[in-house]
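> Dumping the structure here so I can ask a few things about it.
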Amino acid sequence: MQKIATAVSLPLYSVAATRELELHAAAGLPPHTLMQRAGLAVARLALALAPHAQRIWIACGPGNNGGDGFEAALHLHQWGKAVVVTWTGLPAGKTSLPPDAHASRERALAAGVPMAAQPPEDFDFCIDALLGIGARLEPARAGTGLMQQWLDAMQTSAAPRLAVDIPTGLDADTGTSGATKSIAPSSDSTSEKGLFTLSLLTLKPGLFTASGRDLAGQVWFDDLGVAAAPSLAIVPSAWLLGADRAAQSARSSAAHASHKGSFGDVAVVGGESASGRHMTGAALLAARAALHAGAGRVYVALLTGMGEAPMNVDPTQPELMFRSPDALNLKQQVVVCGCGGGEAVKTVLPKILSAAPRVVLDADALNAIAADPQLQTQLKARHSRGHGTVLTPHPLEAARLLGTTTPDVQADRLAAARQLASQFQCVVVLKGSGSVIAVPGQPPRINASGNALLATPGTGDVLAGMMGAAMAGGQGPFEAACSAVFAHGNLADAWASRRPGVALTASTLAGNARC
């Protein structure tokens with residue numbers, strides 16, 4: 001068993017792949033072995049998380065997830081813990097539990113595990129064993145109301161909570177939640193430290209993106225002693241991106257005789273300034289981040305309107321060099337385009353898409369492309385010319401590019417990122433909780449780092465600048481995207497540890513940028 005951290009990248013498997021592995025493993029083991037191992041793992045983790053718990057409530061559902069709960073209850077009871085089990089009973093139309101779950105329930109009853117119709121009032125640890133992978137909390141289904149009541153009791157309680165395999169209501173593949181309320185911590189009861197999930201047999205992508213991180217809390221993993229046989233054609237549907245897959249900055253191993261040209265050039269094009277609309281700050285944040293992340297030289301090309309005095313120095317970062325867009329050497333620079341670009345970015349995009357071999361497209365550049373079929377054609381053509389491109393949309397920008405809605409994108413973030421990568425033949429970073437990095441021909445990565453401190457204006461501009469620096473330092477587009485996304489989130493995690501409760505501004509983030 002292991003606690004999932006950000007140090008190591010790990011494979012994530014779909015529900016279909018997990019079931020295939022489960023069937024293969026069960027065929028080579030004595031009956032009920034996997035459920036017994038699962039229940040024992042749940043009991044051991046519960047004991048480790050709450051060794052002094054006086055009363056443990058285990059809510060069991062009508063399937064194999066409930067069977068895991070019965071098995072865990074048996075062990076905890078035998079170890080002398082005060083356990084109370086509530087069971088939903090069987091859904092309409094069913095006469096018995098699945099065979100393994102039935103066996104585990106019978107074992108628990110025979111051992112004298114206390115059963116109750118309602119949750120105890122005084123529990124100080126609870127286990128959600130209601131629904132597992134592939135099961136949805138559908139309002140119209142008989143029994144859902146009872147499960148929702150029990151989830152509400154867990155949510156309003158201050159007791160730590162452990163979900164078996166997947167929090168009830170969470171989609172294991174997409175991270176979306178069908179629960180009206182779920183086992184998420186409420187704002188006035190518990191923190192993430194009191195919310196846990198033990199993923200069994202495989203790690204699932206839904207635990208780490210969309211609503212997954214909020215609902216799952218701290219994730220643990222137990223493979224139940226099962227390894228995928230080479231003969232099984234089971235491949236990860238995604239990877240959890242850890243520090244080991246985030247490349248180090250070119251400066252970390254640079255030769256002593258290096259000079260500023262050794263680390264590449266970044267040109268930031270954006271920061272529209274026109275009558276009543278001034279977004280210079282977005283471009284400056286990206287440029288400062290590129291500089292602090294290790295780029296050798298950083299140029300800023302602001303999109304200044306007629307009659308507007310052009311900025312020619314950043315007093316807080318005088319190392320930045322200002323140029324007009326026409327004066328940039330696009331063939332030699334990594335171009336970060338779109339940060340605060342406004343409407344003016346449309347005038348420079350055709351040249352950038354056709355002439356710049358390495359481009360990061362963000363914000364208004366993406367909006368302009370979404371609205372212009374000709375720019376979309378230019379973007380698609382870059383791959384055939386060997387040009388590297390990274391798109392960094394948030395969900396609304398991704399929806400515009402796909403011609404759909406934000407809820408549709410969020411309903412399956414992995415599929416949306418893969419679709420964009422395939423459609424435009426480039427690297428895509430779909431930002432959000434559990435940012436997804438996709439490229440044609442590879443499983444996407446889900447970032448393991450980051451927190452809600454990044455939910456503040458300008459942090460996306462900082463990320464684009466960091467990506468530009470990584471590409472300028474010699475990393476390919478996909479490698480640079482993975483490195484920058486992980487480092488960006490890692491900075492927020494470090495800040496939360498050092499300065500708990502203190503906001504993290506984009507300016508501070510840019511000043512601490514590392515790739």
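Residue numbers start at 1 in each chain; chains themselves are named A, B, ... in the order of the structure tokens; ligands are numbered from 1 in the order shown.
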Give me, as a ChimeraX atom specification, the residues of region 86-128 of chain A that a backbone DSSP run labels strand (DSSP E or B).
/A:86-87,115-116,125-128
> Just write the chosen residues, all heavy atoms, as an mmCIF file, in the first residue's frame.

data_model
loop_
_atom_site.group_PDB
_atom_site.id
_atom_site.type_symbol
_atom_site.label_atom_id
_atom_site.label_comp_id
_atom_site.auth_asym_id
_atom_site.auth_seq_id
_atom_site.Cartn_x
_atom_site.Cartn_y
_atom_site.Cartn_z
ATOM 1 N N THR A 86 -24.081 -0.134 8.375
ATOM 2 C CA THR A 86 -25.415 0.065 7.793
ATOM 3 C C THR A 86 -25.372 -0.437 6.356
ATOM 4 O O THR A 86 -24.375 -0.249 5.653
ATOM 5 C CB THR A 86 -25.835 1.541 7.809
ATOM 6 O OG1 THR A 86 -24.870 2.332 7.103
ATOM 7 C CG2 THR A 86 -25.962 2.058 9.236
ATOM 8 N N TRP A 87 -26.453 -1.047 5.941
ATOM 9 C CA TRP A 87 -26.518 -1.625 4.597
ATOM 10 C C TRP A 87 -27.764 -1.117 3.894
ATOM 11 O O TRP A 87 -28.846 -1.070 4.481
ATOM 12 C CB TRP A 87 -26.530 -3.159 4.670
ATOM 13 C CG TRP A 87 -26.581 -3.859 3.331
ATOM 14 C CD1 TRP A 87 -25.843 -3.561 2.241
ATOM 15 C CD2 TRP A 87 -27.411 -4.962 2.970
ATOM 16 N NE1 TRP A 87 -26.143 -4.400 1.195
ATOM 17 C CE2 TRP A 87 -27.112 -5.274 1.628
ATOM 18 C CE3 TRP A 87 -28.371 -5.715 3.652
ATOM 19 C CZ2 TRP A 87 -27.746 -6.315 0.947
ATOM 20 C CZ3 TRP A 87 -28.994 -6.758 2.972
ATOM 21 C CH2 TRP A 87 -28.680 -7.056 1.624
ATOM 22 N N MET A 115 -24.908 -4.659 13.132
ATOM 23 C CA MET A 115 -25.596 -4.077 11.984
ATOM 24 C C MET A 115 -26.680 -3.133 12.507
ATOM 25 O O MET A 115 -27.277 -3.367 13.567
ATOM 26 C CB MET A 115 -26.235 -5.166 11.125
ATOM 27 C CG MET A 115 -25.265 -6.233 10.633
ATOM 28 S SD MET A 115 -24.257 -5.649 9.249
ATOM 29 C CE MET A 115 -23.049 -6.993 9.125
ATOM 30 N N ALA A 116 -26.952 -2.059 11.757
ATOM 31 C CA ALA A 116 -27.973 -1.099 12.176
ATOM 32 C C ALA A 116 -28.685 -0.553 10.954
ATOM 33 O O ALA A 116 -28.159 -0.583 9.832
ATOM 34 C CB ALA A 116 -27.333 0.040 12.972
ATOM 35 N N PHE A 125 -15.120 7.961 12.968
ATOM 36 C CA PHE A 125 -14.486 7.615 11.689
ATOM 37 C C PHE A 125 -15.560 6.925 10.857
ATOM 38 O O PHE A 125 -16.383 6.173 11.402
ATOM 39 C CB PHE A 125 -13.285 6.684 11.882
ATOM 40 C CG PHE A 125 -12.449 6.505 10.640
ATOM 41 C CD1 PHE A 125 -11.452 7.410 10.325
ATOM 42 C CD2 PHE A 125 -12.660 5.434 9.770
ATOM 43 C CE1 PHE A 125 -10.684 7.265 9.175
ATOM 44 C CE2 PHE A 125 -11.897 5.278 8.618
ATOM 45 C CZ PHE A 125 -10.899 6.203 8.317
ATOM 46 N N CYS A 126 -15.585 7.207 9.550
ATOM 47 C CA CYS A 126 -16.596 6.570 8.712
ATOM 48 C C CYS A 126 -15.984 6.107 7.399
ATOM 49 O O CYS A 126 -14.988 6.667 6.926
ATOM 50 C CB CYS A 126 -17.781 7.500 8.461
ATOM 51 S SG CYS A 126 -17.370 9.098 7.761
ATOM 52 N N ILE A 127 -16.585 5.062 6.843
ATOM 53 C CA ILE A 127 -16.097 4.459 5.608
ATOM 54 C C ILE A 127 -17.240 4.422 4.597
ATOM 55 O O ILE A 127 -18.320 3.894 4.885
ATOM 56 C CB ILE A 127 -15.552 3.040 5.866
ATOM 57 C CG1 ILE A 127 -14.339 3.108 6.808
ATOM 58 C CG2 ILE A 127 -15.177 2.362 4.547
ATOM 59 C CD1 ILE A 127 -13.793 1.747 7.209
ATOM 60 N N ASP A 128 -16.983 4.997 3.435
ATOM 61 C CA ASP A 128 -17.952 5.009 2.331
ATOM 62 C C ASP A 128 -17.690 3.792 1.453
ATOM 63 O O ASP A 128 -16.765 3.780 0.645
ATOM 64 C CB ASP A 128 -17.800 6.309 1.537
ATOM 65 C CG ASP A 128 -18.517 6.280 0.191
ATOM 66 O OD1 ASP A 128 -19.421 5.439 0.010
ATOM 67 O OD2 ASP A 128 -18.158 7.101 -0.682
#
> Just asking: which residues within region 9-159 of chain A are helix (DSSP H, G or I) according to DSSP, as a VMD selection string?
chain A and resid 15 to 27 33 to 49 64 to 78 99 to 110 144 to 156
> Taking only C-alpha atoms into account, which of A:Leu232, A:Leu74, A:Ala293, A:Val439 comes nearest Asp265 (chain A)?
A:Ala293
> So, with only C-alpha atoms as the atoms that count, which of A:Thr209, A:Ser199, A:Thr304, A:Ser231 lies closest to Gln410 (chain A)?
A:Thr209
> Could you list, as a list in words, every residue within 6 Å of Val298 (chain A), counting only C-alpha atoms and ignoring same-chain residues fewer than 3 positions away?
Asp265, Val266, Ala267 and Leu320 of chain A
> Let's have the selection written as a CSV table (one decimal), in the first residue's frame, with C-alpha atoms.

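File produced: again-v8.csv:
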chain,number,residue,atom,x,y,z
A,265,ASP,CA,15.1,33.5,-26.6
A,266,VAL,CA,11.4,34.0,-25.7
A,267,ALA,CA,9.2,36.7,-27.3
A,320,LEU,CA,13.1,42.6,-20.4
> Which distance in Å separates CA of Pro393 (chain A) and CA of Gln317 (chain A), to one decimal?
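Separation of CA of Pro393 (chain A) and CA of Gln317 (chain A): 27.0 Å.
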> Show which residues sit within 9 Å of region 329-332 of chain A, as a PyMOL selection string. Count only C-alpha atoms, and ignore same-chain residues fewer than 2 positions away.
chain A and resi 264-267+326-327+334-335+351-352+355-358
> Kindly export the residues of the current selection with N, CA, C and O atoms, as an mmCIF file, in the first residue's frame.

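Written output follows (selection16.cif):
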data_model
loop_
_atom_site.group_PDB
_atom_site.id
_atom_site.type_symbol
_atom_site.label_atom_id
_atom_site.label_comp_id
_atom_site.auth_asym_id
_atom_site.auth_seq_id
_atom_site.Cartn_x
_atom_site.Cartn_y
_atom_site.Cartn_z
ATOM 1 N N GLY A 264 18.391 30.235 -24.945
ATOM 2 C CA GLY A 264 17.307 30.523 -25.863
ATOM 3 C C GLY A 264 16.579 31.829 -25.603
ATOM 4 O O GLY A 264 16.718 32.448 -24.548
ATOM 5 N N ASP A 265 15.812 32.227 -26.601
ATOM 6 C CA ASP A 265 15.081 33.483 -26.552
ATOM 7 C C ASP A 265 13.576 33.228 -26.535
ATOM 8 O O ASP A 265 13.073 32.342 -27.241
ATOM 9 N N VAL A 266 12.882 34.028 -25.746
ATOM 10 C CA VAL A 266 11.422 33.994 -25.704
ATOM 11 C C VAL A 266 10.901 35.368 -26.096
ATOM 12 O O VAL A 266 11.407 36.390 -25.607
ATOM 13 N N ALA A 267 9.911 35.399 -26.969
ATOM 14 C CA ALA A 267 9.239 36.651 -27.329
ATOM 15 C C ALA A 267 7.775 36.547 -26.911
ATOM 16 O O ALA A 267 7.066 35.632 -27.337
ATOM 17 N N ASP A 326 6.806 43.661 -35.377
ATOM 18 C CA ASP A 326 7.476 43.507 -36.673
ATOM 19 C C ASP A 326 8.983 43.314 -36.540
ATOM 20 O O ASP A 326 9.622 42.807 -37.468
ATOM 21 N N ALA A 327 9.557 43.711 -35.402
ATOM 22 C CA ALA A 327 11.005 43.629 -35.227
ATOM 23 C C ALA A 327 11.456 42.298 -34.625
ATOM 24 O O ALA A 327 12.666 42.076 -34.473
ATOM 25 N N VAL A 334 11.169 31.469 -29.274
ATOM 26 C CA VAL A 334 9.930 30.808 -28.883
ATOM 27 C C VAL A 334 8.910 31.913 -28.647
ATOM 28 O O VAL A 334 9.139 32.809 -27.830
ATOM 29 N N VAL A 335 7.822 31.881 -29.367
ATOM 30 C CA VAL A 335 6.832 32.945 -29.284
ATOM 31 C C VAL A 335 5.698 32.523 -28.357
ATOM 32 O O VAL A 335 5.058 31.486 -28.571
ATOM 33 N N LYS A 351 1.052 35.825 -39.228
ATOM 34 C CA LYS A 351 2.503 35.790 -39.421
ATOM 35 C C LYS A 351 3.163 34.849 -38.415
ATOM 36 O O LYS A 351 4.063 34.067 -38.767
ATOM 37 N N ILE A 352 2.721 34.891 -37.167
ATOM 38 C CA ILE A 352 3.303 34.028 -36.139
ATOM 39 C C ILE A 352 3.054 32.564 -36.464
ATOM 40 O O ILE A 352 3.966 31.725 -36.387
ATOM 41 N N ALA A 355 5.350 31.635 -39.509
ATOM 42 C CA ALA A 355 6.804 31.844 -39.500
ATOM 43 C C ALA A 355 7.517 31.334 -38.260
ATOM 44 O O ALA A 355 8.716 31.052 -38.312
ATOM 45 N N ALA A 356 6.842 31.221 -37.138
ATOM 46 C CA ALA A 356 7.523 30.858 -35.893
ATOM 47 C C ALA A 356 7.544 29.342 -35.712
ATOM 48 O O ALA A 356 6.489 28.722 -35.625
ATOM 49 N N PRO A 357 8.716 28.724 -35.636
ATOM 50 C CA PRO A 357 8.790 27.260 -35.483
ATOM 51 C C PRO A 357 8.312 26.741 -34.130
ATOM 52 O O PRO A 357 7.896 25.593 -34.009
ATOM 53 N N ARG A 358 8.360 27.590 -33.082
ATOM 54 C CA ARG A 358 7.974 27.158 -31.739
ATOM 55 C C ARG A 358 7.052 28.215 -31.131
ATOM 56 O O ARG A 358 7.442 29.383 -30.986
#
> Please provide the set of residues having any atom within 10 Å of Ala142 (chain A), restricted to only C-alpha atoms, with same-chain residues fewer than 6 positions apart removed, written as a list in words.
Leu90, Pro91 and Ala92 of chain A
> List the spatial neighbours of Asn64 (chain A) as a short mmCIF file (atom, residue, chain, number, x, y, z; two decimals) with C-alpha atoms, in the first residue's frame - criterion: any atom at most 8 Å away, only C-alpha atoms, same-chain residues fewer than 5 positions off excluded.

data_model
loop_
_atom_site.label_atom_id
_atom_site.label_comp_id
_atom_site.auth_asym_id
_atom_site.auth_seq_id
_atom_site.Cartn_x
_atom_site.Cartn_y
_atom_site.Cartn_z
CA MET A 35 -12.46 -9.04 -1.97
CA LEU A 97 -25.79 -9.64 -3.52
CA PRO A 98 -23.02 -10.54 -5.99
CA ASP A 100 -18.29 -12.36 -3.29
CA ALA A 101 -20.20 -9.58 -1.53
CA GLY A 132 -17.79 1.61 -6.64
#
> Tell me which protein, DNA and RNA residues are within 6 Å of Ile446 (chain A), counting only C-alpha atoms, leaving out same-chain ones fewer than 5 positions away, and put them as a VMD selection string.
chain A and resid 240 to 241 434 to 436
> Got time to write the residues from that selection, all heavy atoms, as a PDB file, in the first residue's frame?

ATOM      1  N   LEU A 240      -0.504   9.854 -14.238  1.00  0.00           N
ATOM      2  CA  LEU A 240      -0.430  10.915 -13.249  1.00  0.00           C
ATOM      3  C   LEU A 240       0.970  11.511 -13.331  1.00  0.00           C
ATOM      4  O   LEU A 240       1.963  10.809 -13.141  1.00  0.00           O
ATOM      5  CB  LEU A 240      -0.691  10.361 -11.856  1.00  0.00           C
ATOM      6  CG  LEU A 240      -0.771  11.386 -10.723  1.00  0.00           C
ATOM      7  CD1 LEU A 240      -1.961  12.319 -10.912  1.00  0.00           C
ATOM      8  CD2 LEU A 240      -0.847  10.684  -9.370  1.00  0.00           C
ATOM      9  N   LEU A 241       1.057  12.782 -13.653  1.00  0.00           N
ATOM     10  CA  LEU A 241       2.344  13.433 -13.883  1.00  0.00           C
ATOM     11  C   LEU A 241       3.004  13.812 -12.567  1.00  0.00           C
ATOM     12  O   LEU A 241       2.478  14.611 -11.791  1.00  0.00           O
ATOM     13  CB  LEU A 241       2.138  14.695 -14.734  1.00  0.00           C
ATOM     14  CG  LEU A 241       3.374  15.570 -14.979  1.00  0.00           C
ATOM     15  CD1 LEU A 241       4.422  14.820 -15.795  1.00  0.00           C
ATOM     16  CD2 LEU A 241       2.982  16.869 -15.658  1.00  0.00           C
ATOM     17  N   GLY A 434      -6.430  19.327 -11.799  1.00  0.00           N
ATOM     18  CA  GLY A 434      -5.885  18.184 -12.518  1.00  0.00           C
ATOM     19  C   GLY A 434      -5.721  18.541 -13.981  1.00  0.00           C
ATOM     20  O   GLY A 434      -6.354  17.951 -14.853  1.00  0.00           O
ATOM     21  N   SER A 435      -4.866  19.537 -14.275  1.00  0.00           N
ATOM     22  CA  SER A 435      -4.640  19.948 -15.667  1.00  0.00           C
ATOM     23  C   SER A 435      -4.230  18.750 -16.512  1.00  0.00           C
ATOM     24  O   SER A 435      -3.451  17.902 -16.070  1.00  0.00           O
ATOM     25  CB  SER A 435      -3.556  21.030 -15.744  1.00  0.00           C
ATOM     26  OG  SER A 435      -4.026  22.237 -15.186  1.00  0.00           O
ATOM     27  N   VAL A 436      -4.768  18.690 -17.726  1.00  0.00           N
ATOM     28  CA  VAL A 436      -4.528  17.557 -18.624  1.00  0.00           C
ATOM     29  C   VAL A 436      -3.603  18.004 -19.745  1.00  0.00           C
ATOM     30  O   VAL A 436      -3.858  19.006 -20.408  1.00  0.00           O
ATOM     31  CB  VAL A 436      -5.848  17.028 -19.211  1.00  0.00           C
ATOM     32  CG1 VAL A 436      -5.575  15.864 -20.164  1.00  0.00           C
ATOM     33  CG2 VAL A 436      -6.792  16.600 -18.101  1.00  0.00           C
TER      34      VAL A 436
END
> For each of A:Ala238, A:Ala250, A:Ala26, A:Leu12, take the minimum atom-to-atom distance to Ala470 (chain A), counting only C-alpha atoms, then give the residue where this is smallest.
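Closest to Ala470 (chain A), using only C-alpha atoms: A:Ala250.
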> Each residue of region 307-345 of chain A lying at most 8 Å from region 275-281 of chain A should get a row with its shortest atom-to-atom pair and the distance in Å to one decimal, counting only C-alpha atoms; could you produce that, ordered by chain and increasing number, as CSV?

residue,atom,partner,partner_atom,distance
A:Gly340,CA,A:Met279,CA,5.0
A:Gly341,CA,A:Met279,CA,7.5
A:Gly342,CA,A:Met279,CA,7.9
> Please save all heavy atoms of the selected residues as a PDB file, in the first residue's frame.

ATOM      1  N   GLY A 340      -3.272  38.606 -22.757  1.00  0.00           N
ATOM      2  CA  GLY A 340      -3.791  39.969 -22.832  1.00  0.00           C
ATOM      3  C   GLY A 340      -3.809  40.510 -24.256  1.00  0.00           C
ATOM      4  O   GLY A 340      -3.734  41.718 -24.469  1.00  0.00           O
ATOM      5  N   GLY A 341      -3.925  39.639 -25.242  1.00  0.00           N
ATOM      6  CA  GLY A 341      -3.815  40.053 -26.645  1.00  0.00           C
ATOM      7  C   GLY A 341      -5.006  40.828 -27.173  1.00  0.00           C
ATOM      8  O   GLY A 341      -4.886  41.561 -28.163  1.00  0.00           O
ATOM      9  N   GLY A 342      -6.182  40.645 -26.530  1.00  0.00           N
ATOM     10  CA  GLY A 342      -7.356  41.370 -26.974  1.00  0.00           C
ATOM     11  C   GLY A 342      -7.704  41.134 -28.435  1.00  0.00           C
ATOM     12  O   GLY A 342      -7.381  40.098 -29.020  1.00  0.00           O
TER      13      GLY A 342
END
> Which residue is closest to Lys380 (chain A)? Choose from A:Trp220, A:Phe424, A:Phe123, A:Phe263 and count only C-alpha atoms.
A:Phe424
